[in-house]
file upload_26.txt (compact mmCIF, C-alpha atoms)
# COMPACT_ATOMS: atom_id res chain seq x y z
CA MET H 1 -24.47 6.37 -43.89
CA ARG H 2 -25.34 9.69 -42.30
CA LYS H 3 -23.06 10.61 -39.44
CA ALA H 4 -24.82 11.06 -36.09
CA LYS H 5 -24.87 14.63 -34.82
CA LEU H 6 -23.01 15.16 -31.56
CA LEU H 7 -24.93 16.73 -28.70
CA THR H 8 -24.07 20.03 -27.05
CA GLY H 9 -25.92 22.50 -24.84
CA MET H 10 -27.89 21.20 -21.87
CA LYS H 11 -28.62 17.90 -23.68
CA GLY H 12 -24.93 17.26 -24.19
CA PHE H 13 -24.09 18.26 -20.63
CA THR H 14 -26.81 15.93 -19.31
CA VAL H 15 -25.26 13.01 -21.23
CA ILE H 16 -21.85 13.71 -19.62
CA TRP H 17 -23.56 14.10 -16.26
CA PHE H 18 -25.36 10.77 -16.56
CA GLY H 19 -22.15 8.96 -17.43
CA GLN H 20 -20.46 10.49 -14.40
CA VAL H 21 -23.37 9.50 -12.14
CA ILE H 22 -22.82 5.85 -13.05
CA SER H 23 -19.04 6.13 -12.77
CA GLN H 24 -19.10 7.93 -9.42
CA LEU H 25 -21.46 5.32 -8.03
CA GLY H 26 -18.91 2.60 -8.71
CA THR H 27 -16.06 4.70 -7.33
CA ALA H 28 -18.01 5.52 -4.16
CA MET H 29 -18.78 1.85 -3.51
CA THR H 30 -15.08 0.99 -3.77
CA ARG H 31 -14.07 3.85 -1.48
CA PHE H 32 -16.75 2.93 1.07
CA THR H 33 -15.60 -0.69 1.37
CA LEU H 34 -11.90 0.24 1.39
CA THR H 35 -12.46 2.88 4.11
CA ILE H 36 -13.95 0.22 6.39
CA TRP H 37 -11.20 -2.22 5.36
CA THR H 38 -8.51 0.36 6.25
CA TYR H 39 -9.94 1.27 9.64
CA THR H 40 -10.62 -2.39 10.53
CA ILE H 41 -6.98 -3.29 9.86
CA THR H 42 -5.35 -0.28 11.55
CA GLU H 43 -7.98 0.98 14.06
CA GLN H 44 -6.44 4.44 13.71
CA ALA H 45 -7.79 7.70 12.34
CA THR H 46 -4.31 8.50 11.01
CA ALA H 47 -4.45 5.73 8.41
CA THR H 48 -7.80 6.80 6.97
CA ALA H 49 -6.67 10.43 7.08
CA LEU H 50 -3.55 9.59 5.07
CA VAL H 51 -5.67 7.95 2.39
CA PHE H 52 -7.78 11.11 2.15
CA PHE H 53 -4.61 13.21 2.07
CA CYS H 54 -3.16 11.23 -0.83
CA SER H 55 -6.44 11.54 -2.71
CA PHE H 56 -6.35 15.35 -2.53
CA MET H 57 -2.82 16.73 -2.36
CA PRO H 58 -1.46 15.69 -5.80
CA SER H 59 -4.59 17.00 -7.50
CA ILE H 60 -4.40 20.35 -5.74
CA LEU H 61 -0.66 20.82 -6.28
CA LEU H 62 -1.01 20.11 -10.00
CA SER H 63 -4.16 22.21 -10.52
CA PRO H 64 -2.42 25.30 -12.03
CA ILE H 65 -0.53 23.16 -14.58
CA ALA H 66 -3.64 21.10 -15.29
CA GLY H 67 -5.66 24.28 -15.78
CA ALA H 68 -3.10 25.69 -18.22
CA LEU H 69 -3.21 22.46 -20.22
CA VAL H 70 -7.02 22.55 -20.23
CA ASP H 71 -6.81 25.92 -22.00
CA ARG H 72 -4.24 24.55 -24.48
CA TRP H 73 -5.71 21.12 -25.24
CA ASN H 74 -9.03 19.73 -26.38
CA ARG H 75 -11.26 19.69 -23.30
CA LYS H 76 -13.22 16.63 -24.36
CA LEU H 77 -9.99 14.67 -24.81
CA ILE H 78 -8.81 15.74 -21.35
CA LEU H 79 -12.04 14.47 -19.76
CA PHE H 80 -11.64 11.18 -21.65
CA ILE H 81 -8.04 10.67 -20.50
CA SER H 82 -8.77 11.58 -16.88
CA ASP H 83 -11.65 9.08 -16.70
CA LEU H 84 -9.54 6.39 -18.35
CA GLY H 85 -6.65 6.96 -15.96
CA ALA H 86 -8.87 6.67 -12.90
CA GLY H 87 -10.26 3.40 -14.26
CA LEU H 88 -6.77 1.96 -14.73
CA VAL H 89 -5.95 2.77 -11.10
CA THR H 90 -8.96 0.74 -9.96
CA ILE H 91 -7.80 -2.15 -12.12
CA GLY H 92 -4.45 -2.01 -10.32
CA LEU H 93 -6.19 -2.12 -6.93
CA LEU H 94 -8.27 -5.08 -8.03
CA VAL H 95 -5.18 -7.02 -9.11
CA LEU H 96 -3.46 -6.34 -5.77
CA TYR H 97 -6.49 -7.38 -3.75
CA ALA H 98 -7.22 -10.47 -5.85
CA THR H 99 -3.65 -11.69 -5.38
CA ASN H 100 -3.74 -11.02 -1.60
CA ASN H 101 -1.05 -8.35 -1.94
CA LEU H 102 -3.10 -5.26 -1.07
CA GLU H 103 -1.78 -3.28 1.90
CA VAL H 104 -2.72 0.12 3.28
CA LYS H 105 0.46 1.62 1.81
CA HIS H 106 -0.77 0.62 -1.64
CA LEU H 107 -3.89 2.72 -1.09
CA TYR H 108 -1.70 5.75 -0.46
CA LEU H 109 0.06 5.26 -3.81
CA THR H 110 -2.98 4.40 -5.92
CA THR H 111 -5.13 7.22 -4.57
CA ALA H 112 -2.27 9.64 -5.26
CA ILE H 113 -2.06 8.44 -8.87
CA ALA H 114 -5.83 8.74 -9.28
CA SER H 115 -5.61 12.25 -7.83
CA ILE H 116 -3.20 13.27 -10.59
CA PHE H 117 -5.81 12.39 -13.21
CA GLU H 118 -8.53 14.10 -11.18
CA SER H 119 -6.54 17.36 -11.17
CA PHE H 120 -7.67 17.86 -14.77
CA GLN H 121 -11.35 17.18 -14.13
CA PHE H 122 -12.31 20.26 -12.10
CA PRO H 123 -10.99 22.92 -14.52
CA ALA H 124 -12.03 20.88 -17.57
CA TYR H 125 -15.62 20.31 -16.41
CA TYR H 126 -16.29 23.88 -15.33
CA ALA H 127 -14.54 25.38 -18.35
CA SER H 128 -16.64 23.08 -20.55
CA ILE H 129 -19.85 24.26 -18.86
CA SER H 130 -19.05 27.83 -19.88
CA MET H 131 -18.75 26.75 -23.52
CA MET H 132 -21.76 24.41 -23.64
CA LEU H 133 -24.31 26.40 -21.63
CA SER H 134 -25.65 29.91 -21.27
CA LYS H 135 -24.84 32.10 -18.27
CA ALA H 136 -28.37 31.54 -16.90
CA GLN H 137 -27.67 27.77 -16.78
CA TYR H 138 -24.39 27.92 -14.82
CA THR H 139 -25.89 27.47 -11.35
CA GLN H 140 -28.22 24.77 -12.66
CA ALA H 141 -25.23 22.85 -14.03
CA SER H 142 -23.30 23.35 -10.78
CA GLY H 143 -26.30 21.98 -8.91
CA MET H 144 -26.33 18.95 -11.16
CA LEU H 145 -22.62 18.35 -10.51
CA SER H 146 -23.27 18.52 -6.77
CA LEU H 147 -26.22 16.19 -7.25
CA LEU H 148 -23.91 13.78 -9.08
CA GLU H 149 -21.73 13.32 -6.00
CA SER H 150 -24.73 13.07 -3.71
CA ILE H 151 -26.51 10.38 -5.69
CA SER H 152 -23.47 8.15 -5.31
CA GLY H 153 -23.22 9.15 -1.66
CA VAL H 154 -26.73 7.99 -0.79
CA THR H 155 -26.84 4.82 -2.88
CA ALA H 156 -23.24 3.60 -2.69
CA PRO H 157 -23.23 2.66 1.04
CA VAL H 158 -26.49 0.72 0.67
CA LEU H 159 -25.42 -1.04 -2.52
CA ALA H 160 -21.91 -1.69 -1.22
CA GLY H 161 -23.26 -3.20 2.00
CA PHE H 162 -25.64 -5.44 0.08
CA LEU H 163 -23.16 -6.43 -2.64
CA PHE H 164 -20.31 -7.03 -0.18
CA ALA H 165 -22.12 -10.05 1.24
CA LEU H 166 -22.73 -11.42 -2.27
CA ILE H 167 -19.60 -10.66 -4.29
CA GLY H 168 -17.09 -9.16 -1.82
CA ILE H 169 -14.58 -6.37 -2.43
CA LYS H 170 -13.34 -7.96 -5.67
CA GLY H 171 -16.84 -7.93 -7.14
CA ILE H 172 -17.43 -4.33 -6.11
CA MET H 173 -14.17 -3.17 -7.71
CA THR H 174 -15.09 -5.07 -10.88
CA ILE H 175 -18.37 -3.15 -11.04
CA ASP H 176 -16.41 0.06 -10.50
CA ILE H 177 -14.27 -0.68 -13.55
CA LEU H 178 -17.36 -1.30 -15.68
CA THR H 179 -18.88 2.02 -14.61
CA PHE H 180 -15.79 3.87 -15.88
CA LEU H 181 -16.57 2.49 -19.33
CA VAL H 182 -20.02 4.10 -19.15
CA ALA H 183 -18.50 7.51 -18.37
CA ILE H 184 -16.00 7.23 -21.20
CA SER H 185 -18.68 6.07 -23.65
CA ALA H 186 -20.89 9.06 -22.79
CA LEU H 187 -18.17 11.42 -24.00
CA LEU H 188 -18.37 9.91 -27.49
CA PHE H 189 -21.86 11.37 -27.99
CA ILE H 190 -21.22 15.00 -27.06
CA HIS H 191 -19.46 18.04 -28.51
CA ILE H 192 -17.59 20.54 -26.34
CA PRO H 193 -16.78 23.74 -28.28
CA GLN H 194 -13.30 25.14 -27.93
CA PRO H 195 -13.15 28.84 -26.91
CA GLU H 196 -11.90 31.52 -29.26
CA LYS H 197 -8.68 33.18 -28.15
CA THR H 198 -9.09 36.69 -26.83
CA ALA H 199 -6.46 39.40 -26.97
CA VAL H 200 -5.74 38.77 -23.29
CA GLU H 201 -5.16 35.08 -23.93
CA LYS H 202 -2.88 35.72 -26.89
CA VAL H 203 -0.66 37.95 -24.80
CA SER H 204 -0.57 35.66 -21.77
CA SER H 205 -0.03 32.36 -23.58
CA VAL H 206 3.74 32.09 -23.97
CA SER H 207 4.98 29.03 -22.13
CA LEU H 208 3.38 26.34 -19.99
CA TRP H 209 5.06 27.76 -16.89
CA GLN H 210 3.83 31.28 -17.62
CA ASP H 211 0.35 29.93 -18.33
CA SER H 212 0.44 28.02 -15.04
CA ILE H 213 1.21 31.12 -12.98
CA TYR H 214 -1.03 33.41 -15.02
CA GLY H 215 -4.01 32.44 -12.92
CA PHE H 216 -2.26 33.70 -9.79
CA ARG H 217 -1.67 37.09 -11.42
CA TYR H 218 -5.23 37.26 -12.73
CA ILE H 219 -6.76 36.58 -9.31
CA SER H 220 -4.34 38.80 -7.36
CA LYS H 221 -5.25 41.79 -9.56
CA ARG H 222 -8.94 41.35 -8.68
CA PRO H 223 -9.44 41.75 -4.91
CA SER H 224 -13.00 40.41 -5.05
CA LEU H 225 -11.84 37.12 -6.56
CA SER H 226 -9.02 37.01 -4.01
CA GLY H 227 -11.58 37.50 -1.23
CA LEU H 228 -13.79 34.69 -2.51
CA VAL H 229 -10.80 32.36 -2.70
CA LEU H 230 -9.83 33.32 0.85
CA ILE H 231 -13.28 32.28 2.12
CA PHE H 232 -12.77 28.76 0.82
CA PHE H 233 -9.09 28.74 1.80
CA THR H 234 -10.13 29.16 5.44
CA ILE H 235 -13.36 27.13 5.50
CA ASN H 236 -11.66 24.13 3.90
CA ILE H 237 -9.51 23.82 7.01
CA THR H 238 -12.66 22.80 8.87
CA PHE H 239 -13.88 20.61 6.01
CA GLY H 240 -10.51 18.85 5.87
CA PHE H 241 -10.75 17.88 9.52
CA TYR H 242 -14.33 16.79 8.96
CA MET H 243 -13.45 14.51 6.05
CA ALA H 244 -10.60 12.90 7.97
CA LEU H 245 -12.43 12.38 11.25
CA PHE H 246 -16.09 11.68 10.63
CA ALA H 247 -15.63 8.04 9.54
CA PRO H 248 -13.32 6.97 12.40
CA MET H 249 -15.43 9.02 14.84
CA ILE H 250 -18.66 7.26 13.86
CA LEU H 251 -16.99 3.86 13.86
CA ALA H 252 -15.33 4.52 17.23
CA ARG H 253 -18.51 5.83 18.91
CA SER H 254 -20.64 3.01 17.47
CA ASN H 255 -18.21 0.17 18.25
CA ASN H 256 -17.42 -0.35 14.55
CA ASN H 257 -21.10 -0.72 13.65
CA GLN H 258 -21.09 -0.83 9.85
CA VAL H 259 -24.88 -0.47 9.67
CA ILE H 260 -24.80 2.83 11.56
CA PHE H 261 -21.86 4.01 9.46
CA GLY H 262 -23.75 3.10 6.31
CA ILE H 263 -26.90 4.96 7.42
CA VAL H 264 -24.91 8.10 8.27
CA SER H 265 -23.04 7.87 4.95
CA SER H 266 -26.38 7.60 3.15
CA ALA H 267 -27.66 10.65 5.03
CA PHE H 268 -24.78 12.63 3.51
CA GLY H 269 -26.01 11.58 0.10
CA ILE H 270 -29.67 12.36 0.82
CA GLY H 271 -28.73 15.85 1.96
CA GLY H 272 -26.59 16.38 -1.10
CA ILE H 273 -29.36 15.19 -3.40
CA ALA H 274 -31.82 17.57 -1.75
CA GLY H 275 -29.38 20.47 -2.04
CA GLY H 276 -28.43 19.57 -5.61
CA VAL H 277 -32.06 19.27 -6.71
CA LEU H 278 -32.84 22.60 -5.05
CA MET H 279 -29.98 24.31 -6.89
CA SER H 280 -30.83 22.63 -10.21
CA CYS H 281 -34.44 23.84 -10.02
CA TRP H 282 -33.97 27.16 -8.19
CA GLY H 283 -30.58 28.32 -9.44
CA GLY H 284 -29.71 30.03 -6.18
CA PRO H 285 -30.50 33.55 -4.95
CA THR H 286 -30.36 36.49 -7.33
CA ARG H 287 -27.38 37.80 -5.37
CA LYS H 288 -25.10 34.77 -5.56
CA ILE H 289 -22.86 36.03 -2.76
CA HIS H 290 -25.65 35.37 -0.25
CA GLY H 291 -25.69 31.75 -1.34
CA VAL H 292 -21.91 31.57 -0.83
CA LEU H 293 -21.65 33.15 2.62
CA LEU H 294 -24.86 31.83 4.18
CA GLY H 295 -24.23 28.41 2.66
CA VAL H 296 -20.84 28.27 4.39
CA ALA H 297 -22.29 29.46 7.72
CA PHE H 298 -25.21 27.01 7.76
CA THR H 299 -23.01 24.09 6.69
CA SER H 300 -20.80 24.80 9.69
CA LEU H 301 -23.67 25.30 12.14
CA LEU H 302 -25.97 22.41 11.22
CA GLY H 303 -23.27 20.15 9.76
CA THR H 304 -19.85 20.32 11.40
CA THR H 305 -20.88 21.65 14.82
CA LEU H 306 -23.84 19.30 15.16
CA MET H 307 -21.77 16.30 14.05
CA GLY H 308 -19.25 17.06 16.78
CA LEU H 309 -22.00 17.29 19.40
CA GLY H 310 -23.73 14.09 18.26
CA GLN H 311 -23.58 10.91 20.30
CA ASN H 312 -26.23 8.80 18.58
CA LEU H 313 -27.54 7.87 15.15
CA PRO H 314 -30.40 10.43 14.82
CA VAL H 315 -28.08 13.38 15.52
CA TRP H 316 -25.30 12.03 13.29
CA ALA H 317 -27.74 11.43 10.43
CA THR H 318 -29.24 14.92 10.78
CA ALA H 319 -25.79 16.53 10.83
CA ALA H 320 -24.72 14.46 7.83
CA PHE H 321 -27.81 15.60 5.90
CA PHE H 322 -27.11 19.30 6.45
CA THR H 323 -23.37 18.83 5.86
CA LYS H 324 -24.18 18.07 2.23
CA PHE H 325 -27.41 20.06 1.82
CA PHE H 326 -25.86 23.54 1.90
CA PRO H 327 -22.57 23.06 -0.05
CA PRO H 328 -24.31 22.78 -3.46
CA ILE H 329 -25.71 26.24 -2.78
CA ALA H 330 -22.40 27.70 -1.56
CA TYR H 331 -20.19 26.12 -4.22
CA GLY H 332 -22.75 26.50 -7.01
CA CYS H 333 -23.21 30.22 -6.36
CA ASN H 334 -19.47 30.75 -6.00
CA GLN H 335 -18.70 29.00 -9.26
CA ALA H 336 -21.45 30.87 -11.07
CA ILE H 337 -19.75 34.15 -10.12
CA TRP H 338 -16.39 32.93 -11.46
CA GLN H 339 -17.87 31.55 -14.68
CA ALA H 340 -19.65 34.84 -15.36
CA LYS H 341 -16.63 37.03 -14.62
CA VAL H 342 -13.66 35.09 -16.12
CA PRO H 343 -13.30 34.89 -19.95
CA PRO H 344 -13.91 31.32 -21.22
CA ASP H 345 -10.47 30.98 -22.83
CA LEU H 346 -8.79 31.81 -19.50
CA GLN H 347 -10.98 29.67 -17.28
CA GLY H 348 -8.82 26.54 -17.31
CA ARG H 349 -5.76 28.23 -15.80
CA VAL H 350 -7.76 30.58 -13.54
CA PHE H 351 -9.98 27.78 -12.22
CA GLY H 352 -6.92 25.60 -11.68
CA VAL H 353 -5.33 28.25 -9.47
CA GLN H 354 -8.69 28.97 -7.81
CA ARG H 355 -8.91 25.35 -6.80
CA GLN H 356 -5.32 25.16 -5.58
CA ILE H 357 -5.58 28.22 -3.35
CA GLY H 358 -9.08 27.45 -2.15
CA GLU H 359 -8.46 23.78 -1.35
CA ILE H 360 -4.77 23.58 -0.42
CA THR H 361 -5.71 23.78 3.27
CA MET H 362 -7.96 20.73 3.02
CA PRO H 363 -5.26 18.05 2.58
CA LEU H 364 -3.04 19.84 5.09
CA ALA H 365 -5.87 19.71 7.63
CA ILE H 366 -6.46 16.06 6.77
CA ILE H 367 -2.84 15.11 7.46
CA ILE H 368 -2.88 17.00 10.78
CA ALA H 369 -6.28 15.69 11.85
CA GLY H 370 -5.34 12.04 12.33
CA PRO H 371 -2.35 12.46 14.67
CA LEU H 372 -4.06 15.34 16.49
CA ALA H 373 -7.06 13.12 17.19
CA ASP H 374 -5.12 9.93 18.00
CA TYR H 375 -2.48 11.45 20.26
CA VAL H 376 -3.99 14.64 21.72
CA PHE H 377 -7.77 14.95 21.76
CA GLU H 378 -8.74 11.29 22.02
CA PRO H 379 -6.60 10.59 25.14
CA ALA H 380 -7.76 13.88 26.67
CA MET H 381 -11.43 12.90 26.30
CA GLN H 382 -11.20 9.41 27.79
CA PRO H 383 -12.46 8.80 31.36
CA GLY H 384 -10.20 10.83 33.64
CA GLY H 385 -8.81 12.82 30.68
CA SER H 386 -7.42 16.31 31.16
CA ILE H 387 -10.23 18.23 29.42
CA VAL H 388 -13.16 15.97 30.32
CA PRO H 389 -14.32 18.34 33.13
CA MET H 390 -14.57 21.18 30.59
CA PHE H 391 -16.14 19.43 27.58
CA GLY H 392 -17.31 16.00 28.75
CA GLY H 393 -20.80 17.22 29.60
CA ILE H 394 -21.25 18.60 26.08
CA ILE H 395 -19.43 16.10 23.88
CA GLY H 396 -19.43 12.97 26.04
CA ILE H 397 -16.45 10.80 26.86
CA GLY H 398 -14.87 7.62 25.57
CA PRO H 399 -13.79 6.46 22.09
CA GLY H 400 -14.53 9.07 19.44
CA ALA H 401 -15.24 11.91 21.89
CA GLY H 402 -11.94 13.65 21.16
CA MET H 403 -12.68 13.67 17.45
CA GLY H 404 -16.17 15.01 18.21
CA LEU H 405 -14.66 17.89 20.15
CA VAL H 406 -12.39 18.82 17.24
CA LEU H 407 -15.40 19.00 14.89
CA PHE H 408 -17.42 21.04 17.39
CA ILE H 409 -14.71 23.68 17.75
CA LEU H 410 -14.05 23.92 14.02
CA GLY H 411 -17.77 24.17 13.30
CA LEU H 412 -17.94 27.32 15.42
CA LEU H 413 -14.96 28.70 13.47
CA GLY H 414 -16.76 27.97 10.19
CA ILE H 415 -19.79 29.99 11.25
CA LEU H 416 -17.54 33.00 11.87
CA ILE H 417 -15.87 32.58 8.47
CA GLY H 418 -19.16 32.55 6.57
CA LEU H 419 -20.77 35.48 8.35
CA GLY H 420 -17.46 37.36 8.47
CA GLY H 421 -17.49 37.70 4.69
CA TYR H 422 -20.23 40.33 5.01
CA LEU H 423 -17.77 42.61 6.81
CA PHE H 424 -15.69 43.09 3.64
CA LYS H 425 -17.11 45.11 0.72
CA ILE H 426 -14.84 43.46 -1.84
CA ILE H 427 -16.54 40.15 -0.99
CA LYS H 428 -20.07 41.33 -0.23
CA ASN H 429 -20.23 43.43 -3.44
CA ALA H 430 -18.13 41.13 -5.66
CA GLU H 431 -20.86 40.77 -8.29
CA ASP H 432 -21.06 44.54 -8.74
CA ILE H 433 -17.32 45.22 -8.61
CA LEU H 434 -16.35 42.56 -11.17
CA PRO H 435 -17.54 43.12 -14.78
CA ASP H 436 -19.02 40.21 -16.73
CA SER H 437 -16.49 38.50 -18.98
CA ASN H 438 -18.20 39.70 -22.15
CA THR H 439 -17.45 43.28 -21.14
CA ILE H 440 -13.76 42.74 -20.34

call {"tool": "encode", "arguments": {"input": "upload_26.txt", "output": "structure tokens"}}
result
Amino acid sequence: MRKAKLLTGMKGFTVIWFGQVISQLGTAMTRFTLTIWTYTITEQATATALVFFCSFMPSILLSPIAGALVDRWNRKLILFISDLGAGLVTIGLLVLYATNNLEVKHLYLTTAIASIFESFQFPAYYASISMMLSKAQYTQASGMLSLLESISGVTAPVLAGFLFALIGIKGIMTIDILTFLVAISALLFIHIPQPEKTAVEKVSSVSLWQDSIYGFRYISKRPSLSGLVLIFFTINITFGFYMALFAPMILARSNNNQVIFGIVSSAFGIGGIAGGVLMSCWGGPTRKIHGVLLGVAFTSLLGTTLMGLGQNLPVWATAAFFTKFFPPIAYGCNQAIWQAKVPPDLQGRVFGVQRQIGEITMPLAIIIAGPLADYVFEPAMQPGGSIVPMFGGIIGIGPGAGMGLVLFILGLLGILIGLGGYLFKIIKNAEDILPDSNTI
């Protein structure tokens, strides 16, 4: 019997992408129902923030090591193992819930374990794109990856709300497990070429520890890459607060209205789909740096700031839409610059360090956000609160107003970060300063 030919190029990438769309849909439904479950039990932003923290911090801390291993190991195998590991974590959650043993503390542990497996996915996926696709297709692929997350974001809340009444949390987690099988199966039909070792790679590859820190040296020697990382290092402070506070803020200001929360969550997905489709078809501006800096600024203005100001469903939904509309442009353009400038055989370790530096502030902001909201800003924005005379007329008062004020302030900071990048030539002219990888 003739052996079937494995797919590569855009066809192969599309197969991987489709499998991840199905898998992420199941994961998003589980996370949506468990977020509501967590807040309903605790009624505190701190608890939901801790879950977010545990889902990010292990992945970010391990990114340099994961990136080094991506360059050493078969990238297809790494994607397979990371998907399998995440599926096993969901099975563990299902067992705990089905036996009435699930507690919030278990979510901290299981999300941390899942995060360890996810630490391999970012460097492996983007390093695989560089091997499967041409340079002209990088932003298109990044747009598709952003679209992947957004499709699950818009459909998961609706499906989860509908399915919850029919099959409950156990049924939703069972579906999640089945979707992991689809993602794993998709990998069986594609081929991801392994990069040839360059002279640079041969010199740098000595030990796992040296490989892990090599990315730091590589980025530090290139001020333009350091500047790009610094943009995301600072902006992710605001995004970390956003991720931790938007769900409890909406639930608090809507009196735990799950329908409103579901509509706002869907608006995130709709915005992400629109932004992802735009990037997939358009590919971003010719000068990718404009997509990075303006994408950050507009996300902060029309997303974070507006969400903080909002006091009703139409404003929240609009802010949610723009929160996800612009990031595919910003992140897609940023990653296209890195993929074009970093040699393919070094991308695993460099992208791992890029992620760690750029996103390390996000989980730190998440862990700070909950207590800051619960014990400082929320009490101060209740009737008679200490800062109500200053901000009450803008943000409103009562449950959730303190969290809204935090988002409003950080949104203004994000605008300054995005536009401030134009003040530095090493950032503004990064595409001219850095040579393409094939000329290094």

call {"tool": "residues_around", "arguments": {"input": "upload_26.txt", "residues": "segment 291-302 of chain H", "least_positions_apart": "3", "cutoff": "9 Å", "atoms": "only C-alpha atoms", "output": "mmCIF file with C-alpha atoms, in the frame of the given file"}}
result
data_model
loop_
_atom_site.group_PDB
_atom_site.id
_atom_site.type_symbol
_atom_site.label_atom_id
_atom_site.label_comp_id
_atom_site.auth_asym_id
_atom_site.auth_seq_id
_atom_site.Cartn_x
_atom_site.Cartn_y
_atom_site.Cartn_z
ATOM 1 C CA LEU H 228 -13.790 34.690 -2.510
ATOM 2 C CA ILE H 231 -13.280 32.280 2.120
ATOM 3 C CA PHE H 232 -12.770 28.760 0.820
ATOM 4 C CA ILE H 235 -13.360 27.130 5.500
ATOM 5 C CA THR H 238 -12.660 22.800 8.870
ATOM 6 C CA PHE H 239 -13.880 20.610 6.010
ATOM 7 C CA GLY H 284 -29.710 30.030 -6.180
ATOM 8 C CA PRO H 285 -30.500 33.550 -4.950
ATOM 9 C CA THR H 286 -30.360 36.490 -7.330
ATOM 10 C CA ARG H 287 -27.380 37.800 -5.370
ATOM 11 C CA LYS H 288 -25.100 34.770 -5.560
ATOM 12 C CA THR H 305 -20.880 21.650 14.820
ATOM 13 C CA LEU H 306 -23.840 19.300 15.160
ATOM 14 C CA MET H 307 -21.770 16.300 14.050
ATOM 15 C CA THR H 318 -29.240 14.920 10.780
ATOM 16 C CA ALA H 319 -25.790 16.530 10.830
ATOM 17 C CA ALA H 320 -24.720 14.460 7.830
ATOM 18 C CA PHE H 321 -27.810 15.600 5.900
ATOM 19 C CA PHE H 322 -27.110 19.300 6.450
ATOM 20 C CA THR H 323 -23.370 18.830 5.860
ATOM 21 C CA LYS H 324 -24.180 18.070 2.230
ATOM 22 C CA PHE H 325 -27.410 20.060 1.820
ATOM 23 C CA PHE H 326 -25.860 23.540 1.900
ATOM 24 C CA PRO H 327 -22.570 23.060 -0.050
ATOM 25 C CA PRO H 328 -24.310 22.780 -3.460
ATOM 26 C CA ILE H 329 -25.710 26.240 -2.780
ATOM 27 C CA ALA H 330 -22.400 27.700 -1.560
ATOM 28 C CA TYR H 331 -20.190 26.120 -4.220
ATOM 29 C CA GLY H 332 -22.750 26.500 -7.010
ATOM 30 C CA CYS H 333 -23.210 30.220 -6.360
ATOM 31 C CA ASN H 334 -19.470 30.750 -6.000
ATOM 32 C CA LEU H 410 -14.050 23.920 14.020
ATOM 33 C CA GLY H 411 -17.770 24.170 13.300
ATOM 34 C CA LEU H 412 -17.940 27.320 15.420
ATOM 35 C CA LEU H 413 -14.960 28.700 13.470
ATOM 36 C CA GLY H 414 -16.760 27.970 10.190
ATOM 37 C CA ILE H 415 -19.790 29.990 11.250
ATOM 38 C CA LEU H 416 -17.540 33.000 11.870
ATOM 39 C CA ILE H 417 -15.870 32.580 8.470
ATOM 40 C CA GLY H 418 -19.160 32.550 6.570
ATOM 41 C CA LEU H 419 -20.770 35.480 8.350
ATOM 42 C CA GLY H 420 -17.460 37.360 8.470
ATOM 43 C CA GLY H 421 -17.490 37.700 4.690
ATOM 44 C CA TYR H 422 -20.230 40.330 5.010
ATOM 45 C CA LYS H 428 -20.070 41.330 -0.230
#

call {"tool": "atom_distance", "arguments": {"input": "upload_26.txt", "atom1": "atom CA of Asn256 of chain H", "atom2": "atom CA of His106 of chain H"}}
result
23.2 Å

call {"tool": "closest_residue", "arguments": {"input": "upload_26.txt", "among": "H:Glu118, H:Leu423, H:Tyr218, H:Ile177", "to": "Gly92 of chain H", "atoms": "all atoms listed in the file"}}
result
H:Ile177

call {"tool": "atom_distance", "arguments": {"input": "upload_26.txt", "atom1": "atom CA of Met131 of chain H", "atom2": "atom CA of Pro193 of chain H"}}
result
6.0 Å

call {"tool": "residues_around", "arguments": {"input": "upload_26.txt", "residues": "Tyr138 of chain H", "least_positions_apart": "5", "cutoff": "8 Å", "atoms": "only C-alpha atoms", "output": "NGL selection string"}}
result
:H and (129-130 or 133 or 336 or 339)
